[in-house]
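Structure first, commentary second.
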Amino acid sequence: MRDAFDTINPIVAFVFFAFALVMPMLLMHPALLGISLVCALIWLFMLRGKKAWGYILKFVLPIMLLTAIINPLFNHAGITTLFYIRFNPVTLESIIYGVSSAAMLASVVLWFACFNQIFTSDKIVYLLGRFAPGLSLIVSMALRFVPLFTKQAKRIAAAQRGAGMGVDGGSIIKRAGSGLSILSSLITWALESSVTTADSMRSRGYGLHPRKSFASYRFDGRDALIGGLLALGMLSCALASGFKLISIRFFPSYKTNEITPLFFAFLIAYALTLLIPVIMNSIEAYRWHLSRSKL
Amino acid sequence: MALVEIKALSFSYPGAKTAALSSIDLSVEEGGFVLIAGPSGCGKSTLLRRLKPTLSAHGLVSGAVIFDGEPIEALNLRRQTSEIGFVMQDPEMQIATDKVWHELAFGLESLGTDQATMRVRVAEMANFFGIQRWFHSPVSALSGGQKQLLCLASVMVMQPKLLILDEPTSQLDPIAAADFFDTLKRINADLGTTIIITEHRVEGLFPIVDKVVFMRNGKVYFHGEPRDCAELLNAEPALSAVLPTAMTVFSKTQPESMSSSPAPLTVREGRSYLKSLIESGFSSSKTASNSANSSKRAYRGRIKNEMSKPGDKPVISMRDAWFRYEKSSEDILKGASLEVNSGELLCVIGGNGAGKTTAIMTASGMYKPYRGKVLLDGKPMSKYSDGELFGKRVGVLLQNPILSFVHDSVREELEGVIKRNKLEKSKLDEIVGTMELESILESNPYDISGGELQRAAIAKLLLLEPSVLFLDEATKGMDAFFKEKFGTLLRRLTSRGTAIVLVSHDIEFCAEYADRIAMFFDGGVIADGTPREVLSGNNFYTTVAARIANGLVPDAVTANDLIASLEGDRRK
């Protein structure tokens with residue numbers, strides 16, 4: 001099923017991802033990290049189904065373990081020494097810090113996995129086009145020509161092989177020579193054929209000012225609503241850290257803010273903001289269910 | 001009012017001794033559809049580029065080009081961009097962006113069109129060209145024909161008054177080309193856009209254009225209605241290679257009594273001409289059976305010659321080969337069998353995706369079939385190493401011959417092969433002679449025409465004297481004159497014992513030069529025999545001449561067959 005968040009305006013989506021990625025980096029508070037991790041996980045499973053397991057086991061968990069283990073081995077700050085490894089103190093604070101950074105890294109990686117699913121090249125091109133149409137065009141061209149050149153290199157290798165000048169045969173020097181000649185052939189081809197591309201672009205007015213970008217996405221009421229909610233969530237974060245509702249210190253000793261009702265209210269606001277995609281998906285699924293049961 | 005007026009235009013490239021264009025006078029009416037024909041290097045492209053100042057080459061210019069009442073140099077970039085559209089040969093490299101929608105919007109983005117207008121224009125053109133279904137696709141997923149349609153559409157979104165096309169279908173297969181011409185006809189008829197096009201493939205264009213211009217050596221030497229070209233043919237029979245088949249047959253066989261009737265352009269008109277010829281008592285009423293007998297007699301000798309000599313041992317034999325690119329992908333070859341005999345020109349024809357290219361790649365040992373056998377000189381292909389196989393026994397030339405060139409000149413290229421394989425130096429002169437490369441020996445491969453490139457690439461392969469040559473789409477983009485030369489050359493090579501396997505979409509070429517034709521469909525060979533055997537019975541997948549002759553003159557496959565058989569009747 002297509003993700004509900006996929007259809008949202010890329011600018012709103014981008015702000016959401018920026019928020020989700022940056023918050024854990026700014027404030028490595030265990031409550032924030034926990035919420036961020038859980039929300040990212042729920043959405044990733046919605047996006048990728050069972051395939052998410054492979055990603056988590058092969059990629060996310062190793063990163064977490066590595067970070068959690070390495071930090072206390074090399075970071076000896078903190079006042080609560082637990083034990084020594086070869087005269088080096090291992091402190092409680094550095095263990096906590098290691099675990100927190102592991103959780104932070106994991107949440108960043110998980111949000112990034114979601115970002116990759118949602119942010120196709122079209123959205124990146126659109127997003128850049130809003131602010132820098134020239135750059136957006138360059139990205140779009142790179143996305144076209146890098147794969148094209150790769151394909152062409154393969155064709156050249158095949159052509160050389162068919163003419164008895166393949167890379168597979170002969171001594172190492174001979175093979176290296178063949179490889180070089182493929183590269184040189186590719187470069188010549190790229191330069192020569194870029195003349196055509198340049199002609200075709202110029203004949204369609206490339207270089208005229210001001211350049212605009214075709215907006216393949218609209219900004220509708222739903223985008224405004226989501227954008228507004230997102231702004232509220234961000235505002236609550238700013239207020240919470242501004243008024244020291246939430247704070248954390250790792251060294252020399254571990255200390256967090258006091259737990260107050262307002263702190264809980266903030267956590268709920270934060271969680272709801274991060275759950276926007278998940279909630280959107282649930283609402284959509286429920287609507288489909290309703291409209292079907294009416295039939 | 002004329003939209004474009006060219007007055008005494010002459011042009012020469014810097015440092016060139018001869019003028020690329022000399023005193024050209026031409027005017028194109030608003031809403032006109034003009035075909036500019038002529039051999040490669042006659043100045044067609046140079047002329048077209050003079051009509052689009054951003055693409056005009058520098059050099060010595062005299063005379064004037066007036067566009068819409070103004071000298072064309074006076075147009076600013078904005079007007080030029082929106083009012084004059086230009087489509088080039090190579091669809092792949094004309095496309096700048098990665099997505100179809102982005103490419104469509106490119107011109108409007110440049111012009112800075114506002115969002116709402118941009119949306120409407122893009123939507124309009126996507127509809128007109130039937131692009132909606134692949135609007136969001138990446139460009140890399142499109143076929144060649146779709147890419148060229150996209151190039152056309154991405155120009156049409158700017159609503160140009162004048163559309164210029166420089167050999168737009170030279171890289172397309174015949175079906176995609178026909179589609180493309182249909183679209184052009186629609187643009188001209190439904191939108192009223194003025195079109196100027198150069199093209200080698202004139203058969204499909206003659207019926208839809210309203211003016212034809214012939215150029216040679218930078219000069220216009222004919223300018224008139226398509227049907228009037230028949231007169232031109234009488235003066236210059238060599239042009240028959242360029243004109244539509246029906247017209248050629250007409251001008252060579254037309255009796256005095258019919259000299260005032262208009263020349264036929266299409267298969268339908270060709271057939272009705274042929275019918276009226278037969279009915280007009282020019283032959284007896286029993287013509288159909290008579291001519292059948294006579295033409296059978298006339299051809300018996302030739303057919304015998306065309307058959308492969310008995311006792312020929314196949315050099316390569318592929319038996320029941322199955323091939324697919326990936327384990328989970330679909331089979332491309334489904335039990336394909338193909339034999340290649342020494343000294344024959346075997347043409348492989350068939351629609352897109354029928355498996356032609358894959359078949360020759362498998363037969364040549366480039367791909368390994370996962371089931372079935374390929375034997376070379378009676379020994380399984382897998383017993384040969386790459387070094388033993390490619391170059392010395394089998395030469396393979398892929399679709400785009402430029403890919404096999406590494407050096408800056410044709411000479412260096414050939415010398416490279418000689419050095420690498422420690423051949424004698426004298427070989428160079430020998431091959432240059434056979435392949436007629438003297439004039440291009442010092443040229444850069446990127447500066448010579450497609451036909452010359454093809455010859456140079458084949459020369460490179462021939463240095464190693466392989467017993468079989470595989471050529472993929474070798475006639476693509478060649479003009480009629482080059483094709484004739486190329487055909488003769490292939491003939492010369494086969495007469496020395498080299499077997500040549502040629503994949504081609506050009507049925508006319510295959511009918512004229514092949515010893516044997518193998519027709520592919522759905523991953524296997526469905527017909528295999530002499531051109532006459534394979535093509536004369538087909539209704540659609542055959543030459544234009546055979547379609548004109550179908551049921552009226554049996555066994556005629558090429559225009560020359562048709563003319564010969566009609567002249568035979570006349571003599572009686």
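Ligands are numbered from 1 in the order shown, residues from 1 within each chain, and chains are lettered A, B, ... in the order they appear in the structure tokens.
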I need the helix (DSSP H, G or I) residues of range 116-186 of chain A per DSSP on the backbone, written as a ChimeraX atom specification. /A:116-118,121-131,133-162,172-186
Provide as a ChimeraX atom specification the residues of chain A at most 7 Å from chain B, counting only C-alpha atoms. /A:140-141,143-144,156,159-164,169,181,184-185,193,196-197,199-200,202-206,208,210-215
Let me see the file: selected residues, N, CA and C atoms, as a CSV table (one decimal), in the first residue's frame.
```csv
chain,number,residue,atom,x,y,z
A,140,SER,N,19.1,16.7,-11.2
A,140,SER,CA,18.3,15.8,-12.1
A,140,SER,C,19.1,15.3,-13.2
A,141,MET,N,20.1,16.1,-13.7
A,141,MET,CA,20.9,15.6,-14.8
A,141,MET,C,21.9,14.6,-14.3
A,143,LEU,N,21.3,12.5,-11.9
A,143,LEU,CA,20.5,11.3,-11.7
A,143,LEU,C,20.3,10.6,-13.1
A,144,ARG,N,20.3,11.4,-14.2
A,144,ARG,CA,20.1,10.7,-15.5
A,144,ARG,C,21.5,10.2,-16.0
A,156,ILE,N,30.7,-0.6,-23.8
A,156,ILE,CA,32.0,-0.5,-24.4
A,156,ILE,C,32.8,-1.8,-24.1
A,159,ALA,N,31.7,-4.4,-26.4
A,159,ALA,CA,32.2,-4.1,-27.8
A,159,ALA,C,33.6,-4.5,-27.9
A,160,GLN,N,34.4,-4.2,-26.9
A,160,GLN,CA,35.8,-4.6,-26.9
A,160,GLN,C,36.0,-6.1,-26.9
A,161,ARG,N,35.2,-6.7,-26.1
A,161,ARG,CA,35.3,-8.2,-26.0
A,161,ARG,C,35.0,-8.8,-27.4
A,162,GLY,N,33.9,-8.3,-28.0
A,162,GLY,CA,33.5,-8.9,-29.3
A,162,GLY,C,34.5,-8.7,-30.4
A,163,ALA,N,35.4,-7.6,-30.2
A,163,ALA,CA,36.4,-7.4,-31.2
A,163,ALA,C,37.7,-8.1,-30.8
A,164,GLY,N,37.7,-8.9,-29.8
A,164,GLY,CA,38.9,-9.6,-29.4
A,164,GLY,C,39.8,-8.8,-28.6
A,169,GLY,N,40.8,-11.5,-21.2
A,169,GLY,CA,41.9,-12.4,-21.7
A,169,GLY,C,43.3,-11.7,-21.5
A,181,SER,N,41.6,1.5,-21.8
A,181,SER,CA,41.1,1.9,-23.1
A,181,SER,C,39.6,2.1,-23.0
A,184,SER,N,39.0,5.4,-21.4
A,184,SER,CA,39.3,6.5,-22.4
A,184,SER,C,38.2,6.6,-23.4
A,185,SER,N,37.7,5.5,-23.8
A,185,SER,CA,36.6,5.5,-24.8
A,185,SER,C,35.3,6.1,-24.2
A,193,SER,N,29.2,13.3,-26.8
A,193,SER,CA,27.8,13.3,-26.8
A,193,SER,C,27.2,14.4,-26.0
A,196,THR,N,25.6,17.2,-28.0
A,196,THR,CA,24.2,17.0,-28.3
A,196,THR,C,23.3,17.5,-27.2
A,197,THR,N,23.7,17.1,-26.0
A,197,THR,CA,22.9,17.5,-24.8
A,197,THR,C,22.8,19.0,-24.6
A,199,ASP,N,23.4,21.2,-27.0
A,199,ASP,CA,22.6,21.8,-28.0
A,199,ASP,C,21.1,21.7,-27.7
A,200,SER,N,20.7,20.5,-27.3
A,200,SER,CA,19.3,20.3,-27.0
A,200,SER,C,18.8,21.2,-25.9
A,202,ARG,N,20.2,24.2,-25.0
A,202,ARG,CA,20.2,25.5,-25.4
A,202,ARG,C,19.0,25.8,-26.3
A,203,SER,N,18.7,24.9,-27.2
A,203,SER,CA,17.6,25.1,-28.1
A,203,SER,C,16.3,25.2,-27.3
A,204,ARG,N,16.3,24.7,-26.1
A,204,ARG,CA,15.0,24.8,-25.3
A,204,ARG,C,15.2,25.9,-24.2
A,205,GLY,N,16.1,26.9,-24.5
A,205,GLY,CA,16.2,28.1,-23.7
A,205,GLY,C,17.0,28.0,-22.5
A,206,TYR,N,17.9,27.0,-22.3
A,206,TYR,CA,18.7,27.0,-21.1
A,206,TYR,C,19.5,28.2,-21.1
A,208,LEU,N,18.2,31.2,-20.0
A,208,LEU,CA,17.4,32.4,-19.9
A,208,LEU,C,17.1,32.6,-18.4
A,210,PRO,N,14.5,34.7,-15.5
A,210,PRO,CA,14.8,33.8,-14.4
A,210,PRO,C,14.3,32.4,-14.7
A,211,ARG,N,15.0,31.3,-14.3
A,211,ARG,CA,14.5,30.0,-14.5
A,211,ARG,C,13.5,29.6,-13.4
A,212,LYS,N,12.5,28.9,-13.8
A,212,LYS,CA,11.5,28.4,-12.8
A,212,LYS,C,11.6,26.9,-12.7
A,213,SER,N,11.0,26.3,-11.7
A,213,SER,CA,10.9,24.9,-11.6
A,213,SER,C,9.5,24.4,-11.7
A,214,PHE,N,9.3,23.4,-12.5
A,214,PHE,CA,7.9,22.8,-12.6
A,214,PHE,C,7.6,22.2,-11.2
A,215,ALA,N,6.5,22.6,-10.6
A,215,ALA,CA,6.1,22.0,-9.3
A,215,ALA,C,5.2,20.8,-9.6
```
What's the 8 Å shell around range 186-188 of chain A, counting only C-alpha atoms, without same-chain residues fewer than 2 positions away, as an mmCIF file with C-alpha atoms, in the first residue's frame?
```
data_model
loop_
_atom_site.group_PDB
_atom_site.id
_atom_site.type_symbol
_atom_site.label_atom_id
_atom_site.label_comp_id
_atom_site.auth_asym_id
_atom_site.auth_seq_id
_atom_site.Cartn_x
_atom_site.Cartn_y
_atom_site.Cartn_z
ATOM 1 C CA PHE A 149 27.463 6.240 -18.148
ATOM 2 C CA GLN A 152 27.645 2.750 -21.520
ATOM 3 C CA ALA A 153 30.821 1.485 -19.854
ATOM 4 C CA ILE A 156 31.994 -0.528 -24.372
ATOM 5 C CA ILE A 182 37.489 1.388 -21.954
ATOM 6 C CA LEU A 183 37.796 4.370 -19.660
ATOM 7 C CA SER A 184 39.297 6.533 -22.369
ATOM 8 C CA ALA A 190 30.788 11.383 -22.825
ATOM 9 C CA LEU A 191 32.456 14.558 -24.047
ATOM 10 C CA GLU A 192 31.347 14.118 -27.645
#
```
Any idea what's packed within 6 Å of range 20-23 of chain B, counting only C-alpha atoms, ignoring anything in its chain fewer than 3 positions away? Could you give it as a ChimeraX atom specification? /B:8-12,43,218-219
Looking at A:Phe16, A:Met46, A:Ser216, A:Asp6, which one is nearest to Val278 in chain A, with distances taken over only C-alpha atoms? A:Met46
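Going from CA of Ser467 in chain B over to CA of Ala336 in chain B, you cover 21.8 Å.
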Quick one: distance from CA of Gly15 in chain B to CA of His58 in chain B in Å, one decimal? 11.0 Å
With a distance cut-off of 7 Å and only C-alpha atoms, select the neighbouring residues of His29 in chain A, excluding the residue or stretch itself and same-chain residues fewer than 3 positions from it, and output the selection as number ranges by chain. A: 32-33, 248
Could you please take those selected residues and save C-alpha atoms as a PDB file, in the first residue's frame?
```
ATOM      1  CA  LEU A  32      13.120  11.595  23.947  1.00  0.00           C
ATOM      2  CA  LEU A  33      15.371   8.883  22.522  1.00  0.00           C
ATOM      3  CA  ILE A 248      20.322  16.461  30.561  1.00  0.00           C
TER       4      ILE A 248
END
```
For range 194-201 of chain B, list every protein, DNA or RNA residue within 9 Å, evaluated using only C-alpha atoms, and leave out those in the same chain fewer than 2 positions away; present the list as number ranges by chain. B: 3, 28-40, 44-45, 48, 160-170, 177, 184, 187-188, 192, 203-205, 209, 242, 477-480
Sel. of strand (DSSP E or B) residues, range 344-485 of chain B, as a ChimeraX atom specification: /B:345-350,371-376,379-380,390,394-397,468-472
Output of the above residues as a JSON list (two decimals), in the first residue's frame, restricted to N, CA and C atoms:
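This went into out08.json:
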```
[["chain", "number", "residue", "atom", "x", "y", "z"],
["B", 345, "LEU", "N", 25.65, -14.36, -46.50],
["B", 345, "LEU", "CA", 25.16, -13.20, -45.77],
["B", 345, "LEU", "C", 23.79, -13.57, -45.23],
["B", 346, "LEU", "N", 23.76, -13.78, -43.93],
["B", 346, "LEU", "CA", 22.51, -14.17, -43.29],
["B", 346, "LEU", "C", 21.93, -12.95, -42.59],
["B", 347, "CYS", "N", 20.71, -12.59, -42.95],
["B", 347, "CYS", "CA", 20.08, -11.45, -42.29],
["B", 347, "CYS", "C", 19.06, -11.92, -41.29],
["B", 348, "VAL", "N", 19.11, -11.36, -40.10],
["B", 348, "VAL", "CA", 18.17, -11.73, -39.05],
["B", 348, "VAL", "C", 17.19, -10.58, -38.90],
["B", 349, "ILE", "N", 15.91, -10.85, -39.16],
["B", 349, "ILE", "CA", 14.91, -9.80, -39.05],
["B", 349, "ILE", "C", 13.86, -10.16, -38.01],
["B", 350, "GLY", "N", 13.01, -9.23, -37.66],
["B", 350, "GLY", "CA", 11.96, -9.48, -36.68],
["B", 350, "GLY", "C", 11.65, -8.21, -35.93],
["B", 371, "ARG", "N", 20.36, -23.51, -21.78],
["B", 371, "ARG", "CA", 19.99, -24.81, -22.30],
["B", 371, "ARG", "C", 20.27, -24.77, -23.80],
["B", 372, "GLY", "N", 20.59, -25.90, -24.40],
["B", 372, "GLY", "CA", 20.88, -25.93, -25.83],
["B", 372, "GLY", "C", 22.36, -25.80, -26.10],
["B", 373, "LYS", "N", 22.70, -25.91, -27.38],
["B", 373, "LYS", "CA", 24.11, -26.00, -27.76],
["B", 373, "LYS", "C", 24.47, -24.97, -28.81],
["B", 374, "VAL", "N", 25.68, -24.50, -28.76],
["B", 374, "VAL", "CA", 26.21, -23.70, -29.86],
["B", 374, "VAL", "C", 27.54, -24.31, -30.27],
["B", 375, "LEU", "N", 27.63, -24.72, -31.55],
["B", 375, "LEU", "CA", 28.87, -25.33, -32.04],
["B", 375, "LEU", "C", 29.57, -24.39, -33.01],
["B", 376, "LEU", "N", 30.90, -24.32, -32.85],
["B", 376, "LEU", "CA", 31.71, -23.57, -33.81],
["B", 376, "LEU", "C", 32.66, -24.57, -34.44],
["B", 379, "LYS", "N", 32.72, -27.88, -32.79],
["B", 379, "LYS", "CA", 33.17, -28.00, -31.39],
["B", 379, "LYS", "C", 32.33, -27.05, -30.53],
["B", 380, "PRO", "N", 31.92, -27.49, -29.36],
["B", 380, "PRO", "CA", 31.09, -26.62, -28.52],
["B", 380, "PRO", "C", 31.80, -25.30, -28.21],
["B", 390, "PHE", "N", 37.15, -14.68, -29.73],
["B", 390, "PHE", "CA", 36.83, -13.35, -30.26],
["B", 390, "PHE", "C", 38.00, -12.75, -30.99],
["B", 394, "VAL", "N", 35.61, -15.28, -34.38],
["B", 394, "VAL", "CA", 34.33, -14.59, -34.43],
["B", 394, "VAL", "C", 34.56, -13.11, -34.18],
["B", 395, "GLY", "N", 34.01, -12.26, -35.02],
["B", 395, "GLY", "CA", 34.07, -10.82, -34.76],
["B", 395, "GLY", "C", 32.66, -10.31, -34.51],
["B", 396, "VAL", "N", 32.48, -9.56, -33.44],
["B", 396, "VAL", "CA", 31.14, -9.06, -33.14],
["B", 396, "VAL", "C", 31.17, -7.54, -33.13],
["B", 397, "LEU", "N", 30.27, -6.95, -33.88],
["B", 397, "LEU", "CA", 30.16, -5.49, -33.88],
["B", 397, "LEU", "C", 28.81, -5.11, -33.31],
["B", 468, "VAL", "N", 33.56, -15.68, -39.03],
["B", 468, "VAL", "CA", 32.18, -15.19, -38.97],
["B", 468, "VAL", "C", 32.16, -13.77, -38.41],
["B", 469, "LEU", "N", 31.39, -12.91, -39.06],
["B", 469, "LEU", "CA", 31.21, -11.55, -38.56],
["B", 469, "LEU", "C", 29.76, -11.39, -38.12],
["B", 470, "PHE", "N", 29.56, -10.88, -36.92],
["B", 470, "PHE", "CA", 28.20, -10.58, -36.48],
["B", 470, "PHE", "C", 28.03, -9.07, -36.42],
["B", 471, "LEU", "N", 27.04, -8.55, -37.12],
["B", 471, "LEU", "CA", 26.82, -7.10, -37.14],
["B", 471, "LEU", "C", 25.41, -6.81, -36.64],
["B", 472, "ASP", "N", 25.33, -5.99, -35.60],
["B", 472, "ASP", "CA", 24.02, -5.67, -35.05],
["B", 472, "ASP", "C", 23.55, -4.32, -35.57]]
```
I'd like the neighbourhood of Ser143 in chain B as a VMD selection string, where a residue qualifies if any of its atoms comes within 12 Å (using only C-alpha atoms), though same-chain residues fewer than 4 positions away should be ignored. chain B and resid 91 to 92 134 137 to 139 147 to 150 171 to 173 176 352 to 353
Okay, now the selection with all heavy atoms, as a CSV table (one decimal), in the first residue's frame?
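And here is the file that came out, out38.csv:
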```csv
chain,number,residue,atom,x,y,z
B,91,PRO,N,18.0,10.3,-29.7
B,91,PRO,CA,17.1,10.6,-28.6
B,91,PRO,C,17.7,10.5,-27.3
B,91,PRO,O,17.4,11.3,-26.4
B,91,PRO,CB,16.0,9.5,-28.8
B,91,PRO,CG,16.6,8.5,-29.7
B,91,PRO,CD,17.7,9.1,-30.4
B,92,GLU,N,18.7,9.6,-27.1
B,92,GLU,CA,19.3,9.4,-25.8
B,92,GLU,C,20.0,10.6,-25.3
B,92,GLU,O,19.8,11.0,-24.1
B,92,GLU,CB,20.3,8.2,-25.9
B,92,GLU,CG,20.9,7.8,-24.7
B,92,GLU,CD,20.1,6.7,-24.0
B,92,GLU,OE1,20.2,5.5,-24.3
B,92,GLU,OE2,19.3,7.2,-23.1
B,134,TRP,N,3.2,7.1,-18.9
B,134,TRP,CA,4.6,7.1,-18.5
B,134,TRP,C,5.1,8.4,-18.0
B,134,TRP,O,6.3,8.7,-18.0
B,134,TRP,CB,5.5,6.4,-19.4
B,134,TRP,CG,5.2,6.5,-20.9
B,134,TRP,CD1,4.3,5.8,-21.6
B,134,TRP,CD2,5.9,7.3,-21.9
B,134,TRP,NE1,4.3,6.2,-22.9
B,134,TRP,CE2,5.2,7.1,-23.1
B,134,TRP,CE3,6.9,8.3,-21.8
B,134,TRP,CZ2,5.6,7.7,-24.3
B,134,TRP,CZ3,7.3,8.9,-23.0
B,134,TRP,CH2,6.6,8.6,-24.2
B,137,SER,N,7.5,8.1,-15.2
B,137,SER,CA,8.6,7.2,-15.3
B,137,SER,C,10.0,7.8,-15.4
B,137,SER,O,10.1,9.0,-15.9
B,137,SER,CB,8.4,6.4,-16.6
B,137,SER,OG,7.2,5.9,-16.8
B,138,PRO,N,11.0,7.1,-15.0
B,138,PRO,CA,12.4,7.6,-15.3
B,138,PRO,C,12.6,7.4,-16.8
B,138,PRO,O,12.1,6.5,-17.4
B,138,PRO,CB,13.3,6.6,-14.5
B,138,PRO,CG,12.4,5.4,-14.2
B,138,PRO,CD,11.0,5.8,-14.2
B,139,VAL,N,13.4,8.3,-17.3
B,139,VAL,CA,13.7,8.3,-18.8
B,139,VAL,C,14.3,7.0,-19.2
B,139,VAL,O,14.1,6.5,-20.3
B,139,VAL,CB,14.6,9.5,-19.1
B,139,VAL,CG1,15.1,9.4,-20.5
B,139,VAL,CG2,13.8,10.8,-18.9
B,147,LYS,N,11.5,7.7,-26.3
B,147,LYS,CA,12.4,8.8,-26.0
B,147,LYS,C,12.3,9.8,-27.1
B,147,LYS,O,12.3,11.0,-26.8
B,147,LYS,CB,13.8,8.2,-26.0
B,147,LYS,CG,14.2,7.6,-24.6
B,147,LYS,CD,15.6,7.1,-24.6
B,147,LYS,CE,15.8,6.3,-23.4
B,147,LYS,NZ,16.9,5.3,-23.6
B,148,GLN,N,12.2,9.4,-28.3
B,148,GLN,CA,12.2,10.4,-29.4
B,148,GLN,C,10.8,11.2,-29.4
B,148,GLN,O,10.8,12.4,-29.6
B,148,GLN,CB,12.4,9.8,-30.8
B,148,GLN,CG,12.8,10.8,-31.9
B,148,GLN,CD,14.0,11.6,-31.7
B,148,GLN,OE1,14.2,12.3,-30.7
B,148,GLN,NE2,15.0,11.5,-32.6
B,149,LEU,N,9.7,10.5,-29.0
B,149,LEU,CA,8.5,11.2,-28.9
B,149,LEU,C,8.5,12.2,-27.7
B,149,LEU,O,8.0,13.3,-27.8
B,149,LEU,CB,7.3,10.2,-28.6
B,149,LEU,CG,6.6,9.5,-29.7
B,149,LEU,CD1,5.5,8.6,-29.3
B,149,LEU,CD2,6.1,10.6,-30.7
B,150,LEU,N,9.3,11.8,-26.7
B,150,LEU,CA,9.4,12.7,-25.5
B,150,LEU,C,10.2,14.0,-26.0
B,150,LEU,O,9.8,15.1,-25.6
B,150,LEU,CB,10.1,12.0,-24.4
B,150,LEU,CG,10.5,12.8,-23.2
B,150,LEU,CD1,9.3,13.4,-22.5
B,150,LEU,CD2,11.3,12.0,-22.2
B,171,GLN,N,17.5,6.6,-35.6
B,171,GLN,CA,17.9,5.6,-34.6
B,171,GLN,C,16.7,4.7,-34.2
B,171,GLN,O,16.8,4.0,-33.3
B,171,GLN,CB,18.4,6.3,-33.3
B,171,GLN,CG,19.6,7.2,-33.6
B,171,GLN,CD,20.8,6.5,-34.1
B,171,GLN,OE1,21.1,5.5,-33.6
B,171,GLN,NE2,21.4,7.0,-35.2
B,172,LEU,N,15.6,4.9,-34.9
B,172,LEU,CA,14.4,4.1,-34.5
B,172,LEU,C,14.1,2.9,-35.4
B,172,LEU,O,14.5,2.9,-36.6
B,172,LEU,CB,13.2,5.0,-34.5
B,172,LEU,CG,13.3,6.3,-33.7
B,172,LEU,CD1,11.9,7.0,-33.7
B,172,LEU,CD2,13.7,6.1,-32.3
B,173,ASP,N,13.4,1.9,-34.9
B,173,ASP,CA,13.0,0.8,-35.8
B,173,ASP,C,11.8,1.3,-36.6
B,173,ASP,O,11.2,2.3,-36.3
B,173,ASP,CB,12.7,-0.4,-34.9
B,173,ASP,CG,11.5,-0.2,-34.1
B,173,ASP,OD1,10.4,-0.4,-34.5
B,173,ASP,OD2,11.7,0.2,-32.9
B,176,ALA,N,8.4,2.2,-34.8
B,176,ALA,CA,8.5,3.4,-34.0
B,176,ALA,C,8.6,4.6,-34.9
B,176,ALA,O,8.0,5.7,-34.6
B,176,ALA,CB,9.7,3.4,-33.1
B,352,ASN,N,10.7,-5.7,-32.6
B,352,ASN,CA,11.4,-5.3,-31.4
B,352,ASN,C,11.1,-6.4,-30.3
B,352,ASN,O,10.0,-6.8,-30.1
B,352,ASN,CB,10.9,-4.0,-30.9
B,352,ASN,CG,11.8,-2.9,-31.4
B,352,ASN,OD1,12.9,-3.1,-31.9
B,352,ASN,ND2,11.2,-1.7,-31.4
B,353,GLY,N,12.2,-6.7,-29.6
B,353,GLY,CA,12.0,-7.7,-28.5
B,353,GLY,C,11.7,-9.1,-29.0
B,353,GLY,O,11.3,-9.9,-28.2
```
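You will find CA of Ala224 in chain A at 24.4 Å from CA of Ile42 in chain A.
Proximity ranking of B:Ala230, B:Val267, B:Ile517, B:Val525 relative to Arg319 in chain B places B:Val525 first, based on only C-alpha atoms.
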